[in-house]
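Below: data02.cif (mmCIF, C-alpha atoms)
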data_input
#
loop_
_atom_site.label_atom_id
_atom_site.label_comp_id
_atom_site.auth_asym_id
_atom_site.auth_seq_id
_atom_site.Cartn_x
_atom_site.Cartn_y
_atom_site.Cartn_z
CA MET I 1360 28.00 -27.38 -73.85
CA GLU I 1361 28.76 -23.74 -74.59
CA ASP I 1362 31.85 -22.52 -76.44
CA GLN I 1363 33.62 -21.66 -73.19
CA GLU I 1364 33.20 -25.18 -71.82
CA TYR I 1365 34.70 -26.77 -74.92
CA MET I 1366 37.55 -24.25 -74.79
CA ARG I 1367 38.20 -25.15 -71.15
CA ARG I 1368 38.51 -28.76 -72.23
CA ALA I 1369 40.95 -27.69 -74.95
CA LEU I 1370 42.96 -25.79 -72.33
CA SER I 1371 43.20 -28.86 -70.10
CA LEU I 1372 44.43 -30.89 -73.09
CA ALA I 1373 46.99 -28.21 -73.97
CA ALA I 1374 48.51 -28.40 -70.49
CA ARG I 1375 49.46 -32.03 -71.14
CA GLY I 1376 52.24 -30.76 -73.38
CA GLU I 1377 53.88 -29.02 -70.42
CA GLY I 1378 57.65 -29.40 -70.54
CA ARG I 1379 57.63 -31.21 -73.88
CA VAL I 1380 56.89 -28.67 -76.60
CA SER I 1381 59.12 -25.66 -75.81
CA PRO I 1382 59.92 -23.37 -77.59
CA ASN I 1383 56.58 -24.09 -79.26
CA PRO I 1384 53.40 -23.16 -77.40
CA MET I 1385 51.13 -25.61 -75.59
CA VAL I 1386 47.98 -26.04 -77.66
CA GLY I 1387 44.84 -28.13 -77.21
CA CYS I 1388 42.02 -28.89 -79.63
CA VAL I 1389 38.51 -30.34 -79.45
CA VAL I 1390 36.30 -31.27 -82.45
CA VAL I 1391 32.54 -31.16 -81.84
CA LYS I 1392 29.74 -32.35 -84.15
CA GLY I 1393 26.05 -32.55 -83.34
CA GLY I 1394 26.70 -31.61 -79.73
CA ARG I 1395 29.17 -34.48 -79.29
CA VAL I 1396 32.95 -34.47 -78.97
CA ILE I 1397 34.24 -36.59 -81.84
CA GLY I 1398 37.95 -35.81 -81.59
CA GLU I 1399 40.55 -34.43 -79.20
CA GLY I 1400 44.25 -33.74 -79.39
CA TRP I 1401 47.11 -31.60 -78.15
CA HIS I 1402 50.64 -30.69 -79.21
CA GLU I 1403 52.43 -33.60 -77.55
CA GLN I 1404 56.09 -32.91 -78.27
CA TYR I 1405 58.32 -30.47 -80.09
CA GLY I 1406 58.53 -31.43 -83.75
CA GLY I 1407 55.39 -33.59 -83.53
CA LEU I 1408 51.94 -32.99 -84.96
CA HIS I 1409 50.14 -29.86 -83.84
CA ALA I 1410 46.99 -30.08 -81.74
CA GLU I 1411 44.59 -29.62 -84.67
CA ARG I 1412 46.10 -32.43 -86.73
CA ASN I 1413 46.16 -34.74 -83.73
CA ALA I 1414 42.50 -33.99 -82.95
CA LEU I 1415 41.39 -34.48 -86.56
CA GLN I 1416 43.41 -37.68 -86.79
CA ASN I 1417 41.64 -38.95 -83.66
CA CYS I 1418 38.10 -38.20 -84.89
CA THR I 1419 35.70 -41.11 -84.50
CA GLU I 1420 33.62 -40.02 -87.49
CA ASP I 1421 33.71 -37.71 -90.49
CA ALA I 1422 34.46 -34.18 -89.26
CA ALA I 1423 32.73 -32.41 -92.17
CA GLY I 1424 30.49 -29.65 -90.82
CA ALA I 1425 31.96 -29.86 -87.30
CA THR I 1426 33.19 -27.08 -85.02
CA LEU I 1427 36.85 -27.10 -84.04
CA TYR I 1428 37.93 -25.47 -80.78
CA VAL I 1429 41.61 -24.60 -80.46
CA THR I 1430 43.43 -22.58 -77.80
CA LEU I 1431 45.77 -20.84 -80.28
CA GLU I 1432 45.21 -19.64 -83.83
CA PRO I 1433 45.91 -22.41 -86.38
CA CYS I 1434 49.27 -22.07 -88.13
CA CYS I 1435 49.32 -21.27 -91.84
CA HIS I 1436 52.98 -21.89 -92.65
CA TRP I 1437 55.28 -24.86 -93.07
CA GLY I 1438 57.54 -25.57 -90.13
CA LYS I 1439 58.38 -29.05 -88.87
CA THR I 1440 54.82 -30.01 -89.86
CA PRO I 1441 52.38 -28.83 -92.59
CA PRO I 1442 50.00 -25.88 -91.97
CA CYS I 1443 47.05 -26.71 -89.74
CA THR I 1444 44.82 -24.45 -91.86
CA GLU I 1445 45.21 -26.98 -94.70
CA ALA I 1446 44.10 -29.86 -92.47
CA ILE I 1447 41.06 -27.89 -91.29
CA LEU I 1448 40.04 -27.15 -94.88
CA GLU I 1449 40.68 -30.73 -96.02
CA HIS I 1450 38.35 -32.05 -93.30
CA ARG I 1451 35.68 -29.46 -94.27
CA ILE I 1452 35.35 -28.01 -90.78
CA ALA I 1453 32.47 -25.50 -90.78
CA ARG I 1454 33.39 -23.39 -87.76
CA VAL I 1455 36.62 -22.69 -85.89
CA VAL I 1456 36.63 -21.18 -82.38
CA VAL I 1457 40.02 -19.75 -81.37
CA GLY I 1458 41.18 -18.89 -77.88
CA CYS I 1459 43.78 -16.30 -78.87
CA LEU I 1460 45.60 -15.17 -81.98
CA ASP I 1461 49.21 -16.21 -82.49
CA ALA I 1462 51.92 -13.59 -81.86
CA ASN I 1463 54.28 -15.41 -84.23
CA PRO I 1464 54.85 -13.01 -87.19
CA LEU I 1465 54.45 -15.98 -89.54
CA VAL I 1466 50.84 -16.33 -88.36
CA ALA I 1467 49.57 -13.23 -86.49
CA GLY I 1468 45.99 -13.30 -87.78
CA ARG I 1469 46.77 -14.84 -91.16
CA GLY I 1470 45.58 -18.27 -90.11
CA ALA I 1471 42.15 -16.95 -89.19
CA SER I 1472 41.98 -14.84 -92.35
CA ILE I 1473 42.81 -17.78 -94.61
CA LEU I 1474 40.04 -19.87 -93.08
CA GLN I 1475 37.51 -17.04 -93.33
CA GLY I 1476 38.50 -16.49 -96.95
CA ARG I 1477 37.64 -20.11 -97.68
CA GLY I 1478 34.20 -19.85 -96.12
CA VAL I 1479 34.93 -21.15 -92.62
CA GLU I 1480 33.19 -19.32 -89.80
CA VAL I 1481 35.86 -18.14 -87.35
CA GLU I 1482 35.36 -16.76 -83.86
CA THR I 1483 38.30 -15.55 -81.79
CA GLY I 1484 38.87 -14.45 -78.20
CA VAL I 1485 37.03 -17.23 -76.34
CA LEU I 1486 38.73 -17.50 -72.90
CA GLU I 1487 41.50 -15.37 -74.38
CA ALA I 1488 43.05 -14.40 -71.03
CA GLU I 1489 43.32 -18.03 -69.93
CA CYS I 1490 44.74 -19.10 -73.29
CA ARG I 1491 47.35 -16.35 -73.22
CA ALA I 1492 48.29 -17.09 -69.61
CA LEU I 1493 48.94 -20.74 -70.45
CA ASN I 1494 51.64 -19.65 -72.92
CA GLU I 1495 52.97 -16.50 -71.26
CA ALA I 1496 56.56 -17.62 -71.85
CA PHE I 1497 55.91 -18.30 -75.54
CA PHE I 1498 54.22 -14.93 -76.12
CA HIS I 1499 57.08 -13.09 -74.42
CA TYR I 1500 59.81 -14.95 -76.26
CA ILE I 1501 58.23 -14.75 -79.71
CA THR I 1502 57.82 -10.98 -79.23
CA HIS I 1503 61.12 -10.06 -77.56
CA GLN I 1504 63.47 -12.97 -78.35
CA THR I 1505 64.59 -13.04 -74.71
CA PRO I 1506 63.60 -15.54 -71.99
CA PHE I 1507 60.57 -15.07 -69.79
CA VAL I 1508 61.99 -14.97 -66.25
CA VAL I 1509 60.10 -16.22 -63.19
CA MET I 1510 61.69 -15.35 -59.84
CA LYS I 1511 60.87 -18.05 -57.29
CA TYR I 1512 61.51 -18.27 -53.55
CA ALA I 1513 60.08 -19.91 -50.44
CA MET I 1514 59.78 -17.96 -47.21
CA THR I 1515 58.23 -18.00 -43.78
CA LEU I 1516 55.37 -15.69 -42.87
CA ASP I 1517 57.89 -13.23 -41.44
CA GLY I 1518 59.80 -13.13 -44.72
CA LYS I 1519 62.77 -15.41 -44.00
CA ILE I 1520 64.19 -17.89 -46.54
CA ALA I 1521 66.37 -19.59 -43.91
CA ALA I 1522 67.20 -19.50 -40.23
CA HIS I 1523 70.06 -17.25 -39.05
CA THR I 1524 72.22 -20.43 -39.09
CA GLY I 1525 71.56 -20.88 -42.80
CA ASP I 1526 69.30 -23.91 -42.31
CA SER I 1527 66.46 -23.91 -44.85
CA ARG I 1528 65.20 -27.51 -44.95
CA TRP I 1529 62.39 -27.24 -45.27
CA VAL I 1530 60.65 -23.86 -45.39
CA THR I 1531 57.59 -25.28 -47.14
CA GLY I 1532 55.85 -28.65 -47.26
CA GLU I 1533 55.73 -31.40 -49.86
CA ALA I 1534 52.89 -29.93 -51.95
CA ALA I 1535 54.73 -26.63 -52.45
CA ARG I 1536 57.99 -28.41 -53.26
CA ALA I 1537 56.20 -30.62 -55.78
CA HIS I 1538 54.85 -27.50 -57.48
CA VAL I 1539 58.40 -26.16 -57.79
CA HIS I 1540 59.45 -29.31 -59.62
CA ARG I 1541 56.48 -28.91 -61.93
CA MET I 1542 57.82 -25.44 -62.77
CA ARG I 1543 61.29 -26.88 -63.36
CA ASN I 1544 59.67 -29.28 -65.82
CA ARG I 1545 57.65 -26.53 -67.50
CA LEU I 1546 60.30 -23.84 -67.99
CA SER I 1547 63.32 -24.29 -70.23
CA ALA I 1548 66.05 -23.36 -67.76
CA ILE I 1549 66.84 -22.78 -64.10
CA MET I 1550 69.31 -20.13 -62.94
CA VAL I 1551 71.23 -19.64 -59.70
CA GLY I 1552 74.31 -17.74 -58.55
CA VAL I 1553 77.63 -19.37 -57.76
CA GLY I 1554 77.03 -18.60 -54.08
CA THR I 1555 74.15 -21.08 -54.07
CA VAL I 1556 76.36 -23.69 -55.73
CA LEU I 1557 79.13 -23.22 -53.17
CA ALA I 1558 76.77 -23.24 -50.19
CA ASP I 1559 74.31 -25.99 -51.17
CA ASP I 1560 75.92 -28.06 -53.97
CA PRO I 1561 72.49 -28.45 -55.65
CA LEU I 1562 71.58 -30.69 -58.59
CA LEU I 1563 68.85 -28.33 -59.91
CA THR I 1564 67.01 -31.18 -61.61
CA CYS I 1565 63.32 -31.97 -61.96
CA ARG I 1566 62.28 -34.71 -59.58
CA MET I 1567 58.74 -35.38 -60.75
CA GLU I 1568 57.66 -38.56 -62.50
CA GLY I 1569 58.07 -38.18 -66.26
CA GLY I 1570 59.65 -34.74 -65.80
CA ARG I 1571 62.29 -33.08 -67.93
CA ASN I 1572 65.41 -31.51 -66.49
CA PRO I 1573 65.81 -27.81 -67.28
CA VAL I 1574 69.01 -26.34 -68.68
CA ARG I 1575 71.08 -25.31 -65.64
CA ILE I 1576 72.59 -21.82 -65.67
CA VAL I 1577 75.02 -20.51 -63.05
CA CYS I 1578 75.96 -16.83 -62.83
CA ASP I 1579 79.62 -17.37 -62.01
CA SER I 1580 81.63 -14.28 -62.94
CA ARG I 1581 85.05 -15.75 -62.03
CA LEU I 1582 84.29 -19.44 -62.68
CA ARG I 1583 84.42 -20.50 -59.04
CA THR I 1584 82.13 -23.51 -59.56
CA PRO I 1585 84.09 -26.53 -58.26
CA PRO I 1586 84.85 -29.22 -60.88
CA GLY I 1587 83.76 -31.77 -58.28
CA SER I 1588 80.34 -30.18 -57.63
CA SER I 1589 77.12 -32.05 -58.35
CA LEU I 1590 76.38 -29.74 -61.27
CA ILE I 1591 79.67 -30.41 -63.01
CA ARG I 1592 79.72 -34.13 -62.28
CA THR I 1593 76.34 -34.41 -64.06
CA ALA I 1594 77.02 -31.84 -66.81
CA GLY I 1595 77.39 -34.64 -69.33
CA GLN I 1596 73.78 -35.70 -68.72
CA THR I 1597 72.07 -32.34 -68.16
CA ARG I 1598 73.06 -29.23 -70.09
CA THR I 1599 74.92 -26.85 -67.80
CA ILE I 1600 75.94 -23.28 -68.68
CA LEU I 1601 78.33 -21.18 -66.60
CA ALA I 1602 77.95 -17.46 -67.31
CA ALA I 1603 81.23 -15.65 -66.62
CA VAL I 1604 83.09 -12.45 -67.44
CA GLU I 1605 86.46 -14.17 -67.81
CA ARG I 1606 87.91 -17.65 -68.09
CA GLY I 1607 89.40 -18.82 -64.81
CA GLU I 1608 91.82 -21.55 -63.87
CA ASN I 1609 89.03 -24.13 -63.84
CA ALA I 1610 87.79 -23.36 -67.36
CA ALA I 1611 89.39 -26.32 -69.13
CA ALA I 1612 88.36 -28.82 -66.44
CA LEU I 1613 84.81 -27.51 -66.41
CA GLU I 1614 84.50 -27.75 -70.19
CA GLN I 1615 86.07 -31.20 -70.23
CA ALA I 1616 83.38 -32.33 -67.80
CA GLY I 1617 80.70 -31.14 -70.22
CA ALA I 1618 79.87 -27.66 -68.94
CA GLU I 1619 79.50 -24.76 -71.37
CA ILE I 1620 81.19 -21.45 -70.56
CA LEU I 1621 79.30 -18.39 -71.78
CA LEU I 1622 81.36 -15.20 -71.61
CA CYS I 1623 79.30 -12.07 -70.99
CA ASN I 1624 79.86 -8.37 -70.60
CA ALA I 1625 80.69 -7.18 -67.10
CA ALA I 1626 78.63 -4.79 -64.98
CA GLU I 1627 80.35 -3.64 -61.79
CA GLY I 1628 82.68 -6.63 -62.08
CA ARG I 1629 79.88 -9.19 -62.38
CA VAL I 1630 77.93 -10.76 -65.21
CA ASP I 1631 75.78 -8.16 -66.96
CA LEU I 1632 72.39 -9.82 -66.59
CA ASN I 1633 70.86 -8.01 -69.56
CA ASP I 1634 73.70 -9.20 -71.79
CA LEU I 1635 73.30 -12.72 -70.41
CA ILE I 1636 69.55 -12.73 -71.06
CA ALA I 1637 70.10 -11.53 -74.64
CA LYS I 1638 72.66 -14.27 -75.28
CA LEU I 1639 70.42 -16.96 -73.78
CA GLY I 1640 67.59 -15.80 -76.01
CA GLN I 1641 69.84 -16.18 -79.05
CA MET I 1642 70.53 -19.73 -77.88
CA GLY I 1643 66.81 -20.53 -78.01
CA ILE I 1644 66.17 -20.55 -74.27
CA ASP I 1645 62.67 -19.11 -73.94
CA SER I 1646 62.06 -19.24 -70.18
CA ILE I 1647 63.99 -19.30 -66.91
CA LEU I 1648 63.10 -20.19 -63.34
CA LEU I 1649 65.29 -17.92 -61.22
CA GLU I 1650 66.07 -19.79 -57.99
CA GLY I 1651 69.06 -17.74 -56.94
CA GLY I 1652 69.98 -16.35 -53.58
CA ALA I 1653 68.96 -12.96 -52.23
CA GLY I 1654 71.80 -11.14 -54.01
CA LEU I 1655 71.07 -12.51 -57.48
CA HIS I 1656 67.35 -11.94 -56.99
CA PHE I 1657 67.79 -8.25 -56.29
CA ALA I 1658 70.32 -7.86 -59.10
CA ALA I 1659 67.82 -9.41 -61.52
CA LEU I 1660 65.03 -7.17 -60.24
CA GLU I 1661 67.26 -4.10 -60.53
CA ALA I 1662 68.28 -5.09 -64.06
CA GLY I 1663 64.63 -5.33 -65.07
CA ILE I 1664 64.80 -8.92 -66.34
CA VAL I 1665 62.15 -10.41 -64.03
CA HIS I 1666 58.63 -10.79 -65.45
CA LYS I 1667 56.85 -12.85 -62.82
CA VAL I 1668 57.24 -13.64 -59.11
CA GLN I 1669 56.30 -16.88 -57.37
CA ALA I 1670 56.50 -16.65 -53.59
CA TYR I 1671 55.80 -19.83 -51.65
CA VAL I 1672 54.77 -18.75 -48.15
CA ALA I 1673 54.77 -21.09 -45.15
CA PRO I 1674 52.58 -20.14 -42.17
CA LYS I 1675 55.43 -20.22 -39.67
CA LEU I 1676 57.63 -17.66 -37.92
CA ILE I 1677 61.36 -18.00 -37.33
CA GLY I 1678 62.71 -14.48 -36.66
CA GLY I 1679 66.32 -13.47 -36.60
CA ALA I 1680 67.72 -10.10 -37.63
CA ALA I 1681 70.51 -11.90 -39.50
CA ALA I 1682 68.21 -14.44 -41.18
CA LYS I 1683 68.18 -13.97 -44.94
CA THR I 1684 65.24 -12.56 -46.85
CA PRO I 1685 64.28 -13.29 -50.49
CA LEU I 1686 65.88 -10.11 -51.84
CA GLY I 1687 69.23 -8.84 -50.64
CA GLY I 1688 71.72 -6.54 -52.30
CA ARG I 1689 71.73 -2.86 -51.51
CA GLY I 1690 68.01 -2.45 -52.09
CA PHE I 1691 66.31 0.62 -53.46
CA ASP I 1692 66.78 3.92 -51.69
CA ARG I 1693 63.15 5.01 -51.48
CA MET I 1694 59.81 3.30 -51.14
CA ALA I 1695 58.73 5.11 -54.30
CA GLN I 1696 61.25 2.96 -56.20
CA ALA I 1697 59.64 -0.30 -55.09
CA VAL I 1698 58.67 -2.53 -58.02
CA PRO I 1699 54.90 -3.11 -58.02
CA VAL I 1700 53.53 -6.61 -58.40
CA THR I 1701 50.18 -6.80 -60.19
CA ASP I 1702 47.55 -9.45 -61.02
CA LEU I 1703 48.32 -11.15 -57.72
CA THR I 1704 46.78 -14.58 -57.14
CA VAL I 1705 46.88 -16.79 -54.04
CA THR I 1706 46.81 -20.60 -54.36
CA PRO I 1707 46.73 -22.98 -51.36
CA LEU I 1708 49.33 -25.76 -51.61
CA GLY I 1709 48.87 -28.16 -48.73
CA GLY I 1710 49.44 -26.04 -45.63
CA ASP I 1711 51.34 -23.37 -47.60
CA PHE I 1712 50.34 -20.67 -50.07
CA LEU I 1713 51.67 -19.68 -53.50
CA LEU I 1714 51.51 -15.97 -54.26
CA GLU I 1715 52.01 -15.20 -57.97
CA GLY I 1716 52.09 -11.86 -59.69
CA THR I 1717 53.50 -10.07 -62.73
CA LEU I 1718 55.98 -7.20 -62.85
#

As structure tokens, how would this structure be written, given the file I've shared?
Amino acid sequence: MEDQEYMRRALSLAARGEGRVSPNPMVGCVVVKGGRVIGEGWHEQYGGLHAERNALQNCTEDAAGATLYVTLEPCCHWGKTPPCTEAILEHRIARVVVGCLDANPLVAGRGASILQGRGVEVETGVLEAECRALNEAFFHYITHQTPFVVMKYAMTLDGKIAAHTGDSRWVTGEAARAHVHRMRNRLSAIMVGVGTVLADDPLLTCRMEGGRNPVRIVCDSRLRTPPGSSLIRTAGQTRTILAAVERGENAAALEQAGAEILLCNAAEGRVDLNDLIAKLGQMGIDSILLEGGAGLHFAALEAGIVHKVQAYVAPKLIGGAAAKTPLGGRGFDRMAQAVPVTDLTVTPLGGDFLLEGTL
């Protein structure tokens, strides 16, 4: 196998940590000696061993002289576990192939330099784009200390998220809906507006086998979320944050049920989304799946907090001048103000399609 093939294997291992390692990155590692894989591992859970130590621990023979493939630069500092550079040196690894360097200021090239200084051959940048894409939320958060926000919606081919009656079950098929739950498992939090809560009474949980529920965030300026709603009735089991600009009559009942009230600055009488994002970052929330309605979506786009778009498109037409579209609000005044979406990819999901792009 070539270096790229072993790195692809390391990437597939890294993905197994999806939803379990945040705010740490997903990392995979493969140890190769004499053209044979002798050890594999990945970062399995937050606070657990890193991928390199797991792979070295799983080696079926002495790793001295072997090549170690890892998707992210080995750490060189003490955190919840010892530095991986020490483990690599202890096992006398001869060569280390790195997918991408770590943006964490505690590492940021130092891990590779330490290994090179001790005589280990180090090569970096193998499948770098793929390795960075796997941890796009981590790289954003470690650099900016604010959550990476993915705006998600499902629509028909003529751009409608529901019929003019409000009926939206279901725009897309099972495969697309399953992918949404995978994203709920992968990202730290899910955010909607209070309008969605009042209209749909959603649970906003992850319904995939072995999945993890995201933190639930509601933009609720005046605390209109009903104490009897599904979100509040389950707030004791799944962390629920209500972002508001003032405490309302329901505040005490909501808190007693287990919900957290996060007071934010106001912008035109509503929650200032930039202030909210900053506060959530300080709370350690590194990524958000934005599943709001059309109004919240446009407000988030206008505020500049959206980093990625996921549009699930069903090949069906429903029409209706009054039928809602993914983005509402007042909209921009001129086409020149339209926000460009780049790096667009198209992925078939059953009979539907997922369009993803960055802003």

Give me the box for range 1656-1659 of chain I as JSON, namely the centre and edge lengths in Å to one decimal of a box along x, y and z that holds every listed atom plus 4 Å on each side.
{"center_x": 68.8, "center_y": -9.9, "center_z": -58.9, "size_x": 11.0, "size_y": 12.1, "size_z": 13.2}

Exercise. For the file shown, report as a ChimeraX atom specification the outcome of the PyMOL selection byres ((chain I and resi 1715) around 6) at residue level.
Key: /I:1668-1669,1703-1704,1714,1716

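Residues in contact with range 1627-1644 of chain I at 9 Å, where all atoms listed in the file are counted and same-chain residues fewer than 5 positions away are skipped, are listed as Ser1381, Pro1382, Tyr1500, His1503, Gln1504, Thr1505, Pro1506, Ser1547, Ala1548, Val1574, Cys1578, Asp1579, Ser1580, Arg1581, Ala1602, Ala1603, Val1604, Leu1621, Leu1622, Ala1658, Ala1659, Ala1662, Gly1663 and Ile1664 of chain I.
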
Exercise. Name the residues that the PyMOL selection byres ((chain I and resi 1677-1694) around 8) pulls out of this structure, and write them as a PyMOL selection string.
Key: chain I and resi 1512-1515+1517-1525+1652-1658+1675-1676+1695-1697

Quiz item: Nearest to Thr1531 in chain I among I:Ile1397, I:Cys1434, I:Leu1713, I:Leu1474, with distances taken over only C-alpha atoms: which residue is it?
Solution: I:Leu1713

Write out as JSON lines the residues of range 1636-1697 of chain I that have any atom within 12 Å of an atom of range 1541-1544 of chain I, one row each with the nearest atom pair and its distance in Å to one decimal, counting all atoms listed in the file, sorted by chain and then rising number.
{"residue": "I:Ser1646", "atom": "CA", "partner": "I:Arg1543", "partner_atom": "CA", "distance": 10.3}
{"residue": "I:Ile1647", "atom": "CA", "partner": "I:Arg1543", "partner_atom": "CA", "distance": 8.8}
{"residue": "I:Leu1648", "atom": "CA", "partner": "I:Arg1543", "partner_atom": "CA", "distance": 6.9}
{"residue": "I:Leu1649", "atom": "CA", "partner": "I:Arg1543", "partner_atom": "CA", "distance": 10.0}
{"residue": "I:Glu1650", "atom": "CA", "partner": "I:Arg1543", "partner_atom": "CA", "distance": 10.1}
{"residue": "I:Gln1669", "atom": "CA", "partner": "I:Met1542", "partner_atom": "CA", "distance": 10.2}

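CA of Leu1408 in chain I is found 9.3 Å from CA of Cys1443 in chain I.
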
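When the PyMOL selection byres ((chain I and resi 1538) around 12) is evaluated against the file, it yields Lys1511, Ala1513, Thr1531, Gly1532, Glu1533, Ala1534, Ala1535, Arg1536, Ala1537, Val1539, His1540, Arg1541, Met1542, Arg1543, Asn1544, Arg1545, Cys1565, Arg1566, Met1567, Gln1669, Ala1670, Tyr1671, Thr1706, Pro1707, Leu1708, Gly1709, Asp1711, Phe1712 and Leu1713 of chain I.
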
Quiz item: Looking at only C-alpha atoms, which of I:Glu1605, I:Glu1619, I:Glu1364, I:Glu1487 is the one that sits closest to Val1391 in chain I?
Solution: I:Glu1364

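Atom pair CA of Met1385 in chain I / CA of Gly1407 in chain I: separated by 12.0 Å.
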
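Among the candidate residues I:Val1530, I:Leu1493, I:Met1550, I:Val1390, the one lying nearest to Leu1370 in chain I is I:Leu1493, with distances computed using all atoms listed in the file.
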
Take range 1694-1700 of chain I, model all heavy atoms, and hand the result over as an mmCIF file, in the coordinates of the input.
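Output contents, as saved in selection.cif:
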data_model
loop_
_atom_site.group_PDB
_atom_site.id
_atom_site.type_symbol
_atom_site.label_atom_id
_atom_site.label_comp_id
_atom_site.auth_asym_id
_atom_site.auth_seq_id
_atom_site.Cartn_x
_atom_site.Cartn_y
_atom_site.Cartn_z
ATOM 1 N N MET I 1694 60.975 4.143 -50.945
ATOM 2 C CA MET I 1694 59.810 3.300 -51.140
ATOM 3 C C MET I 1694 59.170 3.557 -52.495
ATOM 4 O O MET I 1694 58.576 2.648 -53.106
ATOM 5 C CB MET I 1694 58.795 3.557 -50.011
ATOM 6 C CG MET I 1694 57.658 2.541 -49.966
ATOM 7 S SD MET I 1694 58.206 0.818 -49.776
ATOM 8 C CE MET I 1694 58.850 0.854 -48.098
ATOM 9 N N ALA I 1695 59.310 4.773 -52.992
ATOM 10 C CA ALA I 1695 58.730 5.110 -54.300
ATOM 11 C C ALA I 1695 59.380 4.311 -55.423
ATOM 12 O O ALA I 1695 58.821 4.206 -56.525
ATOM 13 C CB ALA I 1695 58.877 6.599 -54.572
ATOM 14 N N GLN I 1696 60.565 3.749 -55.184
ATOM 15 C CA GLN I 1696 61.250 2.960 -56.200
ATOM 16 C C GLN I 1696 60.842 1.495 -56.193
ATOM 17 O O GLN I 1696 61.236 0.736 -57.079
ATOM 18 C CB GLN I 1696 62.775 3.049 -55.992
ATOM 19 C CG GLN I 1696 63.376 4.429 -56.195
ATOM 20 C CD GLN I 1696 64.851 4.446 -55.836
ATOM 21 O OE1 GLN I 1696 65.220 4.500 -54.667
ATOM 22 N NE2 GLN I 1696 65.698 4.373 -56.852
ATOM 23 N N ALA I 1697 60.055 1.101 -55.202
ATOM 24 C CA ALA I 1697 59.640 -0.300 -55.090
ATOM 25 C C ALA I 1697 58.952 -0.754 -56.370
ATOM 26 O O ALA I 1697 58.162 -0.022 -56.977
ATOM 27 C CB ALA I 1697 58.710 -0.470 -53.899
ATOM 28 N N VAL I 1698 59.256 -1.974 -56.789
ATOM 29 C CA VAL I 1698 58.670 -2.530 -58.020
ATOM 30 C C VAL I 1698 57.292 -3.102 -57.698
ATOM 31 O O VAL I 1698 57.174 -4.021 -56.867
ATOM 32 C CB VAL I 1698 59.580 -3.630 -58.602
ATOM 33 C CG1 VAL I 1698 58.944 -4.228 -59.853
ATOM 34 C CG2 VAL I 1698 60.965 -3.061 -58.916
ATOM 35 N N PRO I 1699 56.239 -2.598 -58.315
ATOM 36 C CA PRO I 1699 54.900 -3.110 -58.020
ATOM 37 C C PRO I 1699 54.659 -4.477 -58.634
ATOM 38 O O PRO I 1699 55.142 -4.786 -59.728
ATOM 39 C CB PRO I 1699 53.978 -2.050 -58.657
ATOM 40 C CG PRO I 1699 54.798 -1.443 -59.748
ATOM 41 C CD PRO I 1699 56.219 -1.474 -59.277
ATOM 42 N N VAL I 1700 53.936 -5.304 -57.915
ATOM 43 C CA VAL I 1700 53.530 -6.610 -58.400
ATOM 44 C C VAL I 1700 52.021 -6.566 -58.629
ATOM 45 O O VAL I 1700 51.260 -6.206 -57.728
ATOM 46 C CB VAL I 1700 53.873 -7.719 -57.393
ATOM 47 C CG1 VAL I 1700 53.402 -9.082 -57.898
ATOM 48 C CG2 VAL I 1700 55.375 -7.744 -57.125
#
